[in-house]
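Source file: run16.txt (compact mmCIF, C-alpha atoms)
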# COMPACT_ATOMS: atom_id res chain seq x y z
CA MET N 162 9.25 24.38 34.44
CA PRO N 163 8.00 26.96 31.89
CA ALA N 164 4.66 28.64 32.37
CA ILE N 165 1.99 26.62 30.58
CA SER N 166 -1.39 28.02 29.69
CA ASN N 167 -4.28 25.74 30.56
CA GLN N 168 -6.82 28.12 29.07
CA LYS N 169 -8.90 26.62 26.30
CA PRO N 170 -8.68 28.50 22.98
CA PRO N 171 -12.07 29.38 21.50
CA LEU N 172 -13.68 27.12 18.96
CA ALA N 173 -12.46 28.14 15.53
CA THR N 174 -13.38 25.36 13.18
CA GLY N 175 -14.39 27.61 10.29
CA ASN N 176 -16.40 25.64 7.76
CA TRP N 177 -15.69 22.24 9.34
CA PRO N 178 -18.76 20.32 10.56
CA GLN N 179 -19.21 20.37 14.31
CA LYS N 180 -18.67 17.20 16.33
CA THR N 181 -21.75 15.15 17.12
CA ASP N 182 -22.30 12.26 19.51
CA SER N 183 -22.02 9.80 16.62
CA PRO N 184 -19.08 9.49 14.20
CA GLN N 185 -19.20 11.19 10.81
CA PRO N 186 -20.24 8.19 8.67
CA VAL N 187 -19.06 9.31 5.23
CA ALA N 188 -15.67 10.61 6.34
CA LEU N 189 -15.01 7.64 8.61
CA GLY N 190 -15.89 5.25 5.80
CA ILE N 191 -13.15 6.87 3.74
CA ILE N 192 -10.79 6.66 6.74
CA TYR N 193 -11.26 2.89 7.03
CA LEU N 194 -10.35 2.44 3.37
CA VAL N 195 -7.30 4.70 3.74
CA ASP N 196 -6.22 2.76 6.84
CA MET N 197 -6.26 -0.55 4.95
CA GLY N 198 -4.45 0.99 1.99
CA ASN N 199 -1.69 2.46 4.17
CA THR N 200 -1.04 -0.88 5.87
CA PHE N 201 -0.64 -2.55 2.50
CA LYS N 202 1.54 0.28 1.20
CA THR N 203 3.90 0.11 4.19
CA ALA N 204 4.28 -3.67 3.80
CA LEU N 205 4.91 -3.22 0.07
CA LEU N 206 7.57 -0.54 0.62
CA LEU N 207 9.41 -2.58 3.26
CA THR N 208 9.32 -5.56 0.91
CA ALA N 209 10.75 -3.36 -1.86
CA LEU N 210 13.61 -2.29 0.42
CA THR N 211 14.36 -5.91 1.30
CA LEU N 212 14.33 -7.02 -2.33
CA PHE N 213 16.53 -4.07 -3.26
CA LEU N 214 19.02 -5.15 -0.58
CA LEU N 215 19.04 -8.69 -1.94
CA PHE N 216 19.58 -7.37 -5.46
CA MET N 217 22.46 -5.13 -4.37
CA GLY N 218 24.05 -8.01 -2.48
CA GLN N 219 23.86 -10.22 -5.54
CA VAL N 220 25.32 -7.53 -7.81
CA PHE N 221 28.19 -6.44 -5.60
CA GLY N 222 29.16 -8.89 -2.93
CA GLY N 223 26.98 -11.95 -3.14
CA GLN N 224 25.40 -13.29 0.02
CA ARG N 225 28.50 -12.58 2.09
CA GLY N 226 28.56 -8.92 1.15
CA MET N 227 24.86 -8.57 1.86
CA GLU N 228 25.25 -10.16 5.31
CA ILE N 229 28.10 -7.80 6.21
CA ALA N 230 26.16 -4.71 5.12
CA LEU N 231 23.00 -5.81 6.92
CA GLY N 232 24.96 -6.61 10.09
CA LEU N 233 26.58 -3.18 10.11
CA ALA N 234 23.24 -1.47 9.55
CA VAL N 235 21.63 -3.40 12.41
CA VAL N 236 24.41 -2.37 14.80
CA MET N 237 24.18 1.27 13.71
CA ASN N 238 20.40 1.43 14.15
CA PHE N 239 20.27 -0.55 17.41
CA ALA N 240 21.22 2.45 19.54
CA SER N 241 18.87 4.69 17.60
CA TYR N 242 15.97 2.32 18.21
CA PHE N 243 16.51 1.98 21.95
CA PHE N 244 17.58 5.54 22.76
CA SER N 245 15.79 7.64 20.13
CA ASP N 246 13.18 8.83 22.64
CA LYS N 247 15.75 10.17 25.11
CA ILE N 248 17.77 11.76 22.31
CA ALA N 249 14.76 13.52 20.78
CA LEU N 250 13.36 14.76 24.10
CA ALA N 251 16.75 16.13 25.18
CA MET N 252 17.35 17.75 21.78
CA TYR N 253 14.23 19.90 22.11
CA ARG N 254 14.61 20.55 25.87
CA ALA N 255 11.30 18.79 26.55
CA GLN N 256 10.30 18.92 30.20
CA PRO N 257 8.14 16.29 31.93
CA VAL N 258 4.76 17.40 33.22
CA THR N 259 2.23 15.94 35.62
CA ARG N 260 -1.56 15.92 35.60
CA GLU N 261 -1.55 18.91 37.96
CA GLN N 262 0.68 20.94 35.65
CA LEU N 263 -1.15 20.14 32.42
CA PRO N 264 -4.61 18.75 33.22
CA ARG N 265 -6.09 19.69 29.84
CA ALA N 266 -3.80 17.47 27.75
CA TYR N 267 -3.27 14.85 30.46
CA GLU N 268 -6.98 14.06 30.76
CA VAL N 269 -7.33 13.68 26.99
CA VAL N 270 -4.40 11.28 26.76
CA GLU N 271 -5.66 9.26 29.72
CA ARG N 272 -9.08 8.88 28.14
CA LEU N 273 -7.67 7.94 24.74
CA THR N 274 -5.17 5.40 26.08
CA GLN N 275 -7.90 3.69 28.10
CA LYS N 276 -9.99 3.47 24.94
CA MET N 277 -7.02 2.06 22.98
CA GLY N 278 -5.96 -0.34 25.74
CA ILE N 279 -2.35 0.89 25.90
CA PRO N 280 -0.35 2.22 28.89
CA MET N 281 -0.32 5.91 29.72
CA PRO N 282 2.75 7.49 28.08
CA LYS N 283 5.00 10.03 29.75
CA MET N 284 3.95 13.59 28.96
CA TYR N 285 6.35 16.39 28.03
CA VAL N 286 6.14 20.05 27.08
CA ILE N 287 8.60 21.70 24.68
CA PRO N 288 9.29 25.37 25.49
CA THR N 289 8.66 26.96 22.09
CA ASP N 290 5.87 29.03 20.58
CA SER N 291 5.98 27.02 17.35
CA PRO N 292 2.93 24.73 17.32
CA ASN N 293 3.88 21.07 16.98
CA ALA N 294 3.87 17.70 18.73
CA PHE N 295 5.49 14.29 18.49
CA ALA N 296 5.40 10.83 20.01
CA THR N 297 8.43 8.62 20.48
CA GLY N 298 9.36 5.34 22.14
CA ARG N 299 10.08 1.86 20.84
CA ASN N 300 6.77 0.39 22.04
CA PRO N 301 3.62 1.40 23.96
CA GLN N 302 5.31 0.45 27.26
CA HIS N 303 8.14 2.96 26.66
CA ALA N 304 6.26 5.78 24.95
CA SER N 305 6.43 9.53 25.41
CA VAL N 306 4.24 12.27 23.97
CA ALA N 307 5.56 15.82 23.70
CA VAL N 308 3.60 18.96 22.84
CA THR N 309 4.86 22.49 22.39
CA GLU N 310 3.58 25.47 24.32
CA GLY N 311 2.53 26.90 20.98
CA ILE N 312 0.16 24.05 20.13
CA LEU N 313 -1.48 24.22 23.56
CA ASN N 314 -2.23 27.90 23.05
CA LEU N 315 -3.39 27.50 19.43
CA LEU N 316 -5.81 24.57 19.36
CA ASN N 317 -9.22 24.17 20.93
CA ASP N 318 -10.12 21.03 22.88
CA GLU N 319 -11.44 18.97 19.96
CA GLU N 320 -8.46 19.86 17.76
CA LEU N 321 -6.01 19.04 20.54
CA GLU N 322 -7.75 15.71 21.06
CA GLY N 323 -7.34 14.97 17.35
CA VAL N 324 -3.61 15.76 17.47
CA LEU N 325 -3.04 13.65 20.58
CA ALA N 326 -5.02 10.78 19.05
CA HIS N 327 -2.75 11.01 15.98
CA GLU N 328 0.36 10.80 18.18
CA LEU N 329 -1.03 7.87 20.15
CA GLY N 330 -1.75 6.25 16.80
CA HIS N 331 2.00 6.31 16.12
CA VAL N 332 2.53 4.61 19.48
CA ARG N 333 -0.09 1.90 18.95
CA ASN N 334 1.04 1.28 15.36
CA ARG N 335 4.67 0.89 16.53
CA ASP N 336 5.89 3.37 13.96
CA ILE N 337 9.25 3.82 15.69
CA LEU N 338 9.91 0.11 15.10
CA ILE N 339 8.76 0.34 11.47
CA SER N 340 10.93 3.42 10.87
CA SER N 341 13.89 1.66 12.46
CA VAL N 342 13.47 -1.37 10.18
CA ALA N 343 13.24 0.89 7.13
CA ALA N 344 16.33 2.84 8.23
CA THR N 345 18.25 -0.40 8.80
CA LEU N 346 17.47 -1.71 5.32
CA ALA N 347 18.25 1.64 3.70
CA GLY N 348 21.51 1.88 5.64
CA ALA N 349 22.50 -1.62 4.58
CA ILE N 350 21.86 -0.75 0.92
CA THR N 351 23.97 2.41 1.21
CA MET N 352 26.87 0.55 2.82
CA LEU N 353 26.63 -2.25 0.29
CA ALA N 354 26.80 0.29 -2.55
CA ARG N 355 29.96 1.79 -1.05
CA MET N 356 31.52 -1.63 -0.59
CA GLY N 357 30.61 -2.56 -4.17
CA TYR N 358 32.13 0.62 -5.55
CA TRP N 359 35.50 -0.01 -3.94
CA ALA N 360 35.32 -3.67 -4.90
CA SER N 361 34.75 -2.68 -8.53
CA LEU N 362 37.86 -0.50 -8.45
CA PHE N 363 40.08 -3.24 -7.04
CA GLY N 364 38.76 -6.24 -8.94
CA GLY N 365 36.00 -7.39 -6.60
CA MET N 366 33.53 -7.58 -9.46
CA GLY N 367 35.49 -9.87 -11.69
CA GLY N 368 38.94 -8.38 -11.98
CA ARG N 369 40.65 -6.51 -14.78
CA ASP N 370 38.24 -7.61 -17.52
CA ASP N 371 35.29 -6.17 -15.65
CA ARG N 372 37.10 -2.89 -15.10
CA GLY N 373 37.86 -2.76 -18.80
CA ARG N 374 34.15 -3.10 -19.52
CA GLY N 375 33.32 -0.19 -17.25
CA GLY N 376 32.94 -1.95 -13.90
CA GLY N 377 34.31 1.10 -12.09
CA PHE N 378 31.78 3.37 -13.77
CA THR N 379 28.95 0.97 -12.95
CA GLY N 380 30.09 0.88 -9.33
CA LEU N 381 30.19 4.69 -9.19
CA LEU N 382 26.71 4.91 -10.69
CA MET N 383 25.32 2.46 -8.14
CA LEU N 384 27.15 4.31 -5.36
CA ILE N 385 25.17 7.43 -6.27
CA LEU N 386 21.82 5.98 -7.25
CA ALA N 387 21.36 3.14 -4.76
CA PRO N 388 21.37 5.31 -1.58
CA ILE N 389 19.01 7.80 -3.24
CA ALA N 390 16.58 5.04 -4.20
CA ALA N 391 16.77 3.50 -0.72
CA THR N 392 16.22 6.88 0.93
CA LEU N 393 13.20 7.60 -1.27
CA ILE N 394 11.62 4.30 -0.27
CA GLN N 395 12.44 4.94 3.40
CA LEU N 396 10.82 8.38 3.27
CA ALA N 397 7.80 6.91 1.49
CA VAL N 398 7.43 4.56 4.47
CA SER N 399 7.52 7.60 6.78
CA ARG N 400 4.84 9.40 4.76
CA SER N 401 2.61 6.31 4.73
CA ARG N 402 2.86 6.12 8.54
CA GLU N 403 1.66 9.73 8.81
CA TYR N 404 -1.44 8.85 6.80
CA GLN N 405 -1.88 5.78 8.99
CA ALA N 406 -1.64 7.82 12.20
CA ASP N 407 -4.16 10.32 10.82
CA ALA N 408 -6.56 7.46 10.09
CA THR N 409 -6.02 5.93 13.54
CA GLY N 410 -6.60 9.25 15.28
CA ALA N 411 -9.76 9.97 13.29
CA LYS N 412 -11.22 6.54 14.05
CA LEU N 413 -10.30 6.86 17.72
CA THR N 414 -12.07 10.21 18.22
CA GLY N 415 -14.84 9.63 15.68
CA ASN N 416 -14.25 13.19 14.49
CA PRO N 417 -11.91 13.46 11.50
CA TYR N 418 -12.88 17.09 10.96
CA ALA N 419 -11.27 18.15 14.24
CA LEU N 420 -7.91 16.69 13.20
CA ALA N 421 -8.31 18.26 9.76
CA SER N 422 -8.96 21.65 11.36
CA ALA N 423 -5.91 21.20 13.60
CA LEU N 424 -3.69 20.34 10.62
CA LYS N 425 -4.88 23.43 8.77
CA LYS N 426 -4.02 25.66 11.74
CA LEU N 427 -0.68 23.96 12.32
CA ASP N 428 0.26 24.36 8.67
CA ALA N 429 -0.43 28.10 8.77
CA TYR N 430 1.12 28.90 12.14
CA SER N 431 4.19 26.67 11.79
CA LYS N 432 5.15 28.76 8.74
CA ARG N 433 4.84 31.96 10.77
CA ILE N 434 6.79 30.52 13.71
CA PRO N 435 8.99 27.77 12.23
CA MET N 436 10.27 24.98 14.44
CA GLN N 437 14.03 24.81 14.73
CA ALA N 438 14.54 21.09 14.29
CA SER N 439 17.16 18.58 13.26
CA PRO N 440 16.55 16.75 9.95
CA SER N 441 17.26 13.47 11.76
CA THR N 442 14.16 13.94 13.95
CA ALA N 443 11.90 15.87 11.55
CA HIS N 444 9.86 12.74 10.83
CA LEU N 445 8.67 12.59 14.44
CA PHE N 446 6.56 15.76 14.36
CA ILE N 447 2.91 15.93 13.31
CA VAL N 448 3.75 18.65 10.78
CA ALA N 449 7.15 18.92 9.12
CA PRO N 450 9.28 21.45 11.02
CA LEU N 451 11.52 21.90 7.98
CA LEU N 452 9.47 23.32 5.14
CA SER N 453 9.91 21.82 1.69
CA GLY N 454 8.61 22.71 -1.74
CA VAL N 455 6.10 20.85 -3.82
CA SER N 456 8.45 19.86 -6.62
CA LEU N 457 11.33 17.38 -6.46
CA ALA N 458 11.98 18.30 -2.83
CA SER N 459 8.63 16.75 -1.86
CA LEU N 460 10.10 13.34 -2.70
CA PHE N 461 12.58 13.83 0.12
CA SER N 462 9.98 15.04 2.63
CA THR N 463 9.21 12.95 5.70
CA HIS N 464 5.58 14.14 5.64
CA PRO N 465 2.82 14.08 3.02
CA PRO N 466 1.42 17.48 1.95
CA ILE N 467 -1.00 18.86 4.51
CA ALA N 468 -3.64 19.40 1.81
CA LYS N 469 -3.58 15.71 0.89
CA ARG N 470 -3.81 14.67 4.54
CA ILE N 471 -6.84 16.89 5.05
CA GLU N 472 -8.45 15.62 1.86
CA ARG N 473 -8.03 12.02 3.02
CA LEU N 474 -9.59 12.88 6.36
CA THR N 475 -12.60 14.79 5.05
CA GLY N 476 -13.06 13.39 1.57
CA ARG N 477 -12.94 16.82 -0.06
CA PRO N 478 -10.19 19.15 -1.33
CA ALA N 479 -8.54 21.35 1.25
CA GLU N 480 -8.13 25.11 0.98
CA LEU N 481 -5.01 26.20 2.84
CA ASP N 482 -3.93 29.70 3.78
CA SER N 483 -1.08 30.92 1.59
Output the file's structure in the form of structure tokens.
Amino acid sequence: MPAISNQKPPLATGNWPQKTDSPQPVALGIIYLVDMGNTFKTALLLTALTLFLLFMGQVFGGQRGMEIALGLAVVMNFASYFFSDKIALAMYRAQPVTREQLPRAYEVVERLTQKMGIPMPKMYVIPTDSPNAFATGRNPQHASVAVTEGILNLLNDEELEGVLAHELGHVRNRDILISSVAATLAGAITMLARMGYWASLFGGMGGRDDRGRGGGFTGLLMLILAPIAATLIQLAVSRSREYQADATGAKLTGNPYALASALKKLDAYSKRIPMQASPSTAHLFIVAPLLSGVSLASLFSTHPPIAKRIERLTGRPAELDS
């Protein structure tokens, strides 16, 4: 078990308002609106993925082709859904901790889970100085929360509470299930595009006449564009869940400014000490371990920009350290 510091970093909230006994009314009013908007957006994006799958099935293989692609995608994502927590925890060498080993974080999570009415998750520490955290598990009964040594040493108590509330928001909102559904639909679309491409080459789209009218080219175009479109929608689902978890965490603690302050610190320090992470698990972390630009690359990011997340939490533009 690595040495874990239980010392509390000093308060360093800068210009953020200090926490009071009552919630911040203006900021929390914005949070409630954001929460409702994110729920609608996620439902809309999942519906778009489903309709896209139906369209692709109709274009390439009819109902039979769609059923085959969806079946394959379900099988492929089944293992990911049920074993993603064990895979992610092992990948980052996360080690389980008890209340005695990490009382500071353990007490916060206990208090928050009692307030939310969900079971206490298993707690883990990742031995790295890069500040980050993630939650995983297919439902609240099989959840785990992991924090790095770096985040424990960086954040004060209120900021750490905000981060842990965000992670528990992912658990309560069943974001692993939502991500799995999105990945299944996107995977089915990708497989269907591949099947349709080969079918177009060998007459599956109407035979020689279709090929003469450019069926092979159409199949190649769909092979390229369909997976990109599906992936963009899938990643948009992931970004909407980050906003949702921010909103849940802010409502749970009644202090959106603490989470905003934590995000600002994490953004700055994660760039100084980057997290070595796999792209397949990057979406789990509270801040993206793989840095991306603000141009076209942002479309393929699993996380919204930190500045936008802070602005949604506080209702005012964020000033980040360069």
Tell me, as a PyMOL selection string, which residues lie within 8 Å of stretch 299-310 of chain N, counting only C-alpha atoms; anything in the same chain fewer than 3 positions away does not count. chain N and resi 165-166+242-243+246+250+255+279-280+282-296+313-314+328-329+332-333+335+337-338
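For the pair atom CA of N:Ala326 and atom CA of N:Arg433, the separation is 24.8 Å.
Computed from the coordinates, the atom CA of N:Leu474 to atom CA of N:Ser439 distance equals 28.2 Å.
Nearest-residue note for N:Thr392: choosing from N:Asn416, N:Gln256, N:Met436, N:Ser462, the minimum distance belongs to N:Ser462, counting all atoms listed in the file.
With distances restricted to only C-alpha atoms, N:Ala411 is the closest residue to N:Glu322 from N:Met352, N:Ile385, N:Leu212, N:Ala411.
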